[in-house]
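Notes to accompany the following structure.
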Amino acid sequence: MTASQNSPRVAVITGASSGIGAATARALHADGYRVALLARRLDRIEALATQLGDGALAIKADVTDRDALVSAAHQVQDTFGGTAVLVNNAGTMLLGPFSSEQRDDYRNMIEVNLLGAITATEVFLDQLKDGGGDLINISSVAGRTARATNGVYAATKWGVNGWSESLRQELLPDIRVTVIEPGVVDTELPTHITHEATRVAVQQGYDAATVTPEEVAEVIAFALSRPRHLALNEILLRPANQLG
Ligand code: NDP
């Protein structure tokens with residue numbers, strides 16, 4: 001079964017159990033999308049799916065587990081008929097002074113933020129192509145800046161940016177790739193920091209955050225609502241017989 005042109009678009013959102021992912025699920029559902037909510041905390045995504053009602057599906061999936069993502073992709077295909085939008089949002093920000101004590105955090109951030117997004121994308125790629133798809137990658141201002149104690153987190157987001165730019169050029173016109181780079185957003189993100197002194201300091205900054213996850217979700221929904229335009233270089237790259 002493939003998604004019909006007339007049926008609502010289907011959006012898959014990773015990390016939909018809190019923060020920006022949950023807000024994006026709400027915003028897209030309000031815009032008429034059917035939404036598949038992926039995360040590890042099943043109770044949270046089930047509660048959100050129940051709240052949203054028709055057209056919302058909760059699927060437990062850890063983005064570091066490719067089999068779980070493959071199974072999620074089958075479930076979305078069977079339930080909704082395909083995927084038009086993938087929002088790679090799942091992420092973790094385990095800041096702290098660079099040291100061997102943090103090595104598990106480094107591996108975790110790379111596996112979730114970078115490899116998790118790459119894996120979810122390759123798993124859903126055929127469905128996205130079929131659905132005239134959109135890929136939204138949630139990066140960060142840390143994807144173009146860096147500061148003491150955020151080196152590996154920044155590396156994952158710089159990685160997301162480089163990978164996304166390559167995909168943007170490669171996947172058009174089948175799939176449009178958009179990168180979102182929020183600054184400090186009021187979510188539970190810093191509560192998972194394992195280095196205590198850093199967690200306390202970063203939490204103080206987050207306590208003063210003025211940007212809400214709903215505002216970021218609004219930007220994502222707006223980007224998805226825009227018509228597609230090929231950039232000049234993409235027009236020039238098309239074979240001569242397709243120009244004009
Ligand atoms: P939250 O901590 O609220 O959300 C993170 C989400 O990622 C949760 O839903 C969590 O779900 C999910 N997640 C974490 N690990 C995994 C995993 N292994 N598999 C599947 N899902 C996972 O923070 P935010 O909403 O702030 O973060 C969302 C994204 O926004 C992240 O990529 C973050 O880097 C980015 N960002 C956030 C900013 C901020 O200031 N808040 C600024 C810039 C970017 P669960 O634990 O249930 O699996």
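By order in the structure tokens, chains are A, B, ...; within a chain, residues start at 1; ligands start at 1, following the order shown.
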
Handout entry: Selection as a PyMOL selection string: residues within 7 Å of ligand 1 by only C-alpha atoms and all ligand atoms
Key = chain A and resi 14-21+38-42+61-64+89-93+112-113+138-141+181-189+213

Practice task
From the DSSP assignment of the backbone, select every residue of stretch 53-208 of chain A that is strand (DSSP E or B), and format the answer as a list of chain:residue names.
Solution key: A:Ala56, A:Leu57, A:Ala58, A:Ile59, A:Lys60, A:Val85, A:Leu86, A:Val87, A:Asn88, A:Asp134, A:Leu135, A:Ile136, A:Asn137, A:Ile138, A:Arg176, A:Val177, A:Thr178, A:Val179, A:Ile180, A:Val185

Residue subset to file, keeping N, CA, C and O atoms, as a PDB file, in the first residue's frame:
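New file again-v1.pdb:
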ATOM      1  N   ALA A  56      -2.862   9.236  15.266  1.00  0.00           N
ATOM      2  CA  ALA A  56      -1.615   9.273  16.040  1.00  0.00           C
ATOM      3  C   ALA A  56      -1.268   7.858  16.497  1.00  0.00           C
ATOM      4  O   ALA A  56      -2.121   7.133  16.997  1.00  0.00           O
ATOM      5  N   LEU A  57      -0.017   7.493  16.305  1.00  0.00           N
ATOM      6  CA  LEU A  57       0.423   6.127  16.585  1.00  0.00           C
ATOM      7  C   LEU A  57       1.706   6.179  17.409  1.00  0.00           C
ATOM      8  O   LEU A  57       2.655   6.874  17.021  1.00  0.00           O
ATOM      9  N   ALA A  58       1.731   5.477  18.545  1.00  0.00           N
ATOM     10  CA  ALA A  58       2.939   5.444  19.385  1.00  0.00           C
ATOM     11  C   ALA A  58       3.725   4.168  19.091  1.00  0.00           C
ATOM     12  O   ALA A  58       3.158   3.077  19.094  1.00  0.00           O
ATOM     13  N   ILE A  59       5.019   4.321  18.827  1.00  0.00           N
ATOM     14  CA  ILE A  59       5.853   3.148  18.557  1.00  0.00           C
ATOM     15  C   ILE A  59       7.130   3.245  19.387  1.00  0.00           C
ATOM     16  O   ILE A  59       7.908   4.203  19.229  1.00  0.00           O
ATOM     17  N   LYS A  60       7.346   2.261  20.233  1.00  0.00           N
ATOM     18  CA  LYS A  60       8.565   2.269  21.043  1.00  0.00           C
ATOM     19  C   LYS A  60       9.763   1.964  20.133  1.00  0.00           C
ATOM     20  O   LYS A  60       9.775   0.921  19.453  1.00  0.00           O
ATOM     21  N   VAL A  85       7.131  12.583   5.849  1.00  0.00           N
ATOM     22  CA  VAL A  85       8.031  13.476   6.605  1.00  0.00           C
ATOM     23  C   VAL A  85       8.723  12.668   7.697  1.00  0.00           C
ATOM     24  O   VAL A  85       8.061  11.945   8.443  1.00  0.00           O
ATOM     25  N   LEU A  86      10.035  12.794   7.767  1.00  0.00           N
ATOM     26  CA  LEU A  86      10.767  12.231   8.912  1.00  0.00           C
ATOM     27  C   LEU A  86      11.430  13.386   9.655  1.00  0.00           C
ATOM     28  O   LEU A  86      12.186  14.163   9.056  1.00  0.00           O
ATOM     29  N   VAL A  87      11.118  13.511  10.941  1.00  0.00           N
ATOM     30  CA  VAL A  87      11.769  14.531  11.771  1.00  0.00           C
ATOM     31  C   VAL A  87      12.783  13.813  12.664  1.00  0.00           C
ATOM     32  O   VAL A  87      12.413  13.097  13.597  1.00  0.00           O
ATOM     33  N   ASN A  88      14.061  13.988  12.353  1.00  0.00           N
ATOM     34  CA  ASN A  88      15.126  13.403  13.175  1.00  0.00           C
ATOM     35  C   ASN A  88      15.398  14.344  14.335  1.00  0.00           C
ATOM     36  O   ASN A  88      16.178  15.293  14.230  1.00  0.00           O
ATOM     37  N   ASP A 134       9.844  14.938   2.924  1.00  0.00           N
ATOM     38  CA  ASP A 134      10.601  15.984   3.607  1.00  0.00           C
ATOM     39  C   ASP A 134      11.388  15.345   4.728  1.00  0.00           C
ATOM     40  O   ASP A 134      10.847  14.555   5.506  1.00  0.00           O
ATOM     41  N   LEU A 135      12.653  15.707   4.804  1.00  0.00           N
ATOM     42  CA  LEU A 135      13.492  15.274   5.921  1.00  0.00           C
ATOM     43  C   LEU A 135      13.840  16.517   6.733  1.00  0.00           C
ATOM     44  O   LEU A 135      14.376  17.485   6.192  1.00  0.00           O
ATOM     45  N   ILE A 136      13.498  16.483   8.035  1.00  0.00           N
ATOM     46  CA  ILE A 136      13.819  17.615   8.920  1.00  0.00           C
ATOM     47  C   ILE A 136      14.832  17.110   9.940  1.00  0.00           C
ATOM     48  O   ILE A 136      14.539  16.193  10.715  1.00  0.00           O
ATOM     49  N   ASN A 137      16.007  17.682   9.928  1.00  0.00           N
ATOM     50  CA  ASN A 137      17.029  17.286  10.900  1.00  0.00           C
ATOM     51  C   ASN A 137      17.177  18.377  11.959  1.00  0.00           C
ATOM     52  O   ASN A 137      17.429  19.540  11.630  1.00  0.00           O
ATOM     53  N   ILE A 138      17.003  17.985  13.214  1.00  0.00           N
ATOM     54  CA  ILE A 138      17.136  18.964  14.302  1.00  0.00           C
ATOM     55  C   ILE A 138      18.604  19.020  14.718  1.00  0.00           C
ATOM     56  O   ILE A 138      19.128  18.110  15.365  1.00  0.00           O
ATOM     57  N   ARG A 176      13.083  16.864   0.128  1.00  0.00           N
ATOM     58  CA  ARG A 176      13.626  18.167   0.533  1.00  0.00           C
ATOM     59  C   ARG A 176      14.214  18.022   1.930  1.00  0.00           C
ATOM     60  O   ARG A 176      13.570  17.491   2.828  1.00  0.00           O
ATOM     61  N   VAL A 177      15.437  18.494   2.101  1.00  0.00           N
ATOM     62  CA  VAL A 177      16.113  18.371   3.408  1.00  0.00           C
ATOM     63  C   VAL A 177      16.177  19.750   4.064  1.00  0.00           C
ATOM     64  O   VAL A 177      16.622  20.715   3.453  1.00  0.00           O
ATOM     65  N   THR A 178      15.731  19.820   5.308  1.00  0.00           N
ATOM     66  CA  THR A 178      15.735  21.078   6.060  1.00  0.00           C
ATOM     67  C   THR A 178      16.444  20.857   7.389  1.00  0.00           C
ATOM     68  O   THR A 178      16.209  19.844   8.054  1.00  0.00           O
ATOM     69  N   VAL A 179      17.315  21.789   7.748  1.00  0.00           N
ATOM     70  CA  VAL A 179      17.997  21.711   9.040  1.00  0.00           C
ATOM     71  C   VAL A 179      17.467  22.822   9.937  1.00  0.00           C
ATOM     72  O   VAL A 179      17.349  23.959   9.511  1.00  0.00           O
ATOM     73  N   ILE A 180      17.123  22.461  11.172  1.00  0.00           N
ATOM     74  CA  ILE A 180      16.643  23.437  12.159  1.00  0.00           C
ATOM     75  C   ILE A 180      17.726  23.554  13.234  1.00  0.00           C
ATOM     76  O   ILE A 180      18.200  22.536  13.744  1.00  0.00           O
ATOM     77  N   VAL A 185      16.370  26.120  24.340  1.00  0.00           N
ATOM     78  CA  VAL A 185      14.913  25.912  24.350  1.00  0.00           C
ATOM     79  C   VAL A 185      14.543  25.245  25.675  1.00  0.00           C
ATOM     80  O   VAL A 185      15.247  24.325  26.129  1.00  0.00           O
TER      81      VAL A 185
END

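Within 12 Å of A:Ala148, once only C-alpha atoms are used and residues closer than 2 positions along the same chain are dropped, the contacting residues are Leu95, Gly96, Pro97, Phe98, Ala142, Thr145, Ala146, Asn150, Gly151, Val152, Tyr153, Ala154 and Thr198 of chain A.
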
Using only N, CA, C and O atoms, please write the residues we just selected to a file, as a PDB file, in the first residue's frame.
ATOM      1  N   LEU A  95      26.877  17.283  28.448  1.00  0.00           N
ATOM      2  CA  LEU A  95      28.024  18.186  28.496  1.00  0.00           C
ATOM      3  C   LEU A  95      28.907  17.894  29.710  1.00  0.00           C
ATOM      4  O   LEU A  95      28.478  17.252  30.664  1.00  0.00           O
ATOM      5  N   GLY A  96      30.130  18.429  29.674  1.00  0.00           N
ATOM      6  CA  GLY A  96      31.055  18.271  30.802  1.00  0.00           C
ATOM      7  C   GLY A  96      32.483  18.409  30.315  1.00  0.00           C
ATOM      8  O   GLY A  96      32.737  18.361  29.108  1.00  0.00           O
ATOM      9  N   PRO A  97      33.408  18.583  31.267  1.00  0.00           N
ATOM     10  CA  PRO A  97      34.821  18.717  30.885  1.00  0.00           C
ATOM     11  C   PRO A  97      35.279  17.455  30.158  1.00  0.00           C
ATOM     12  O   PRO A  97      34.883  16.352  30.542  1.00  0.00           O
ATOM     13  N   PHE A  98      36.114  17.629  29.130  1.00  0.00           N
ATOM     14  CA  PHE A  98      36.547  16.470  28.345  1.00  0.00           C
ATOM     15  C   PHE A  98      37.434  15.561  29.198  1.00  0.00           C
ATOM     16  O   PHE A  98      38.461  15.988  29.704  1.00  0.00           O
ATOM     17  N   ALA A 142      24.856  24.759  18.258  1.00  0.00           N
ATOM     18  CA  ALA A 142      26.116  24.033  18.489  1.00  0.00           C
ATOM     19  C   ALA A 142      26.579  23.314  17.227  1.00  0.00           C
ATOM     20  O   ALA A 142      27.661  22.732  17.218  1.00  0.00           O
ATOM     21  N   THR A 145      28.793  26.464  16.089  1.00  0.00           N
ATOM     22  CA  THR A 145      29.678  27.118  17.063  1.00  0.00           C
ATOM     23  C   THR A 145      30.186  26.007  17.988  1.00  0.00           C
ATOM     24  O   THR A 145      29.701  24.884  17.923  1.00  0.00           O
ATOM     25  N   ALA A 146      31.129  26.316  18.844  1.00  0.00           N
ATOM     26  CA  ALA A 146      31.573  25.342  19.854  1.00  0.00           C
ATOM     27  C   ALA A 146      32.118  26.120  21.035  1.00  0.00           C
ATOM     28  O   ALA A 146      32.560  27.266  20.892  1.00  0.00           O
ATOM     29  N   ASN A 150      31.403  21.485  25.508  1.00  0.00           N
ATOM     30  CA  ASN A 150      30.354  20.908  24.654  1.00  0.00           C
ATOM     31  C   ASN A 150      30.929  20.249  23.403  1.00  0.00           C
ATOM     32  O   ASN A 150      30.207  20.016  22.428  1.00  0.00           O
ATOM     33  N   GLY A 151      32.229  19.904  23.437  1.00  0.00           N
ATOM     34  CA  GLY A 151      32.928  19.444  22.232  1.00  0.00           C
ATOM     35  C   GLY A 151      32.255  18.298  21.491  1.00  0.00           C
ATOM     36  O   GLY A 151      32.039  18.382  20.279  1.00  0.00           O
ATOM     37  N   VAL A 152      31.900  17.228  22.197  1.00  0.00           N
ATOM     38  CA  VAL A 152      31.360  16.059  21.483  1.00  0.00           C
ATOM     39  C   VAL A 152      29.922  16.327  21.041  1.00  0.00           C
ATOM     40  O   VAL A 152      29.520  15.946  19.941  1.00  0.00           O
ATOM     41  N   TYR A 153      29.149  17.024  21.897  1.00  0.00           N
ATOM     42  CA  TYR A 153      27.787  17.405  21.476  1.00  0.00           C
ATOM     43  C   TYR A 153      27.882  18.251  20.201  1.00  0.00           C
ATOM     44  O   TYR A 153      27.169  17.998  19.218  1.00  0.00           O
ATOM     45  N   ALA A 154      28.772  19.257  20.215  1.00  0.00           N
ATOM     46  CA  ALA A 154      28.935  20.107  19.032  1.00  0.00           C
ATOM     47  C   ALA A 154      29.375  19.262  17.836  1.00  0.00           C
ATOM     48  O   ALA A 154      28.878  19.459  16.720  1.00  0.00           O
ATOM     49  N   THR A 198      28.391  20.491  35.959  1.00  0.00           N
ATOM     50  CA  THR A 198      27.978  21.034  34.651  1.00  0.00           C
ATOM     51  C   THR A 198      26.462  21.068  34.564  1.00  0.00           C
ATOM     52  O   THR A 198      25.874  22.047  34.088  1.00  0.00           O
TER      53      THR A 198
END

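Within 10 Å of A:Lys129, once only C-alpha atoms are used and residues closer than 5 positions along the same chain are dropped, the contacting residues are Gly82, Thr83, Ala84, Val85, Phe124, Asp134, Leu171, Leu172, Pro173, Asp174, Ile175 and Arg176 of chain A.
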
Problem - In stretch 6-213 of chain A, DSSP helix (DSSP H, G or I) residues written as a ChimeraX atom specification - result: /A:19-30,42-52,66-80,100-130,141-143,151-171,189-192,196-207,213

Handout entry: Straight-line distance linking atom CA of A:Ala36 with atom CA of A:Thr212, stated in Å to one decimal
Key =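 Here the two named atoms are 22.0 Å from each other.
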
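Interatomic distance, atom CA of A:Thr191 against atom CA of A:Leu94: 9.1 Å.
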
Practice task
Give me, please, the distance in Å between atom CA of A:Leu48 and atom CA of A:Ala217, quoted to one decimal.
Solution key: 15.4 Å
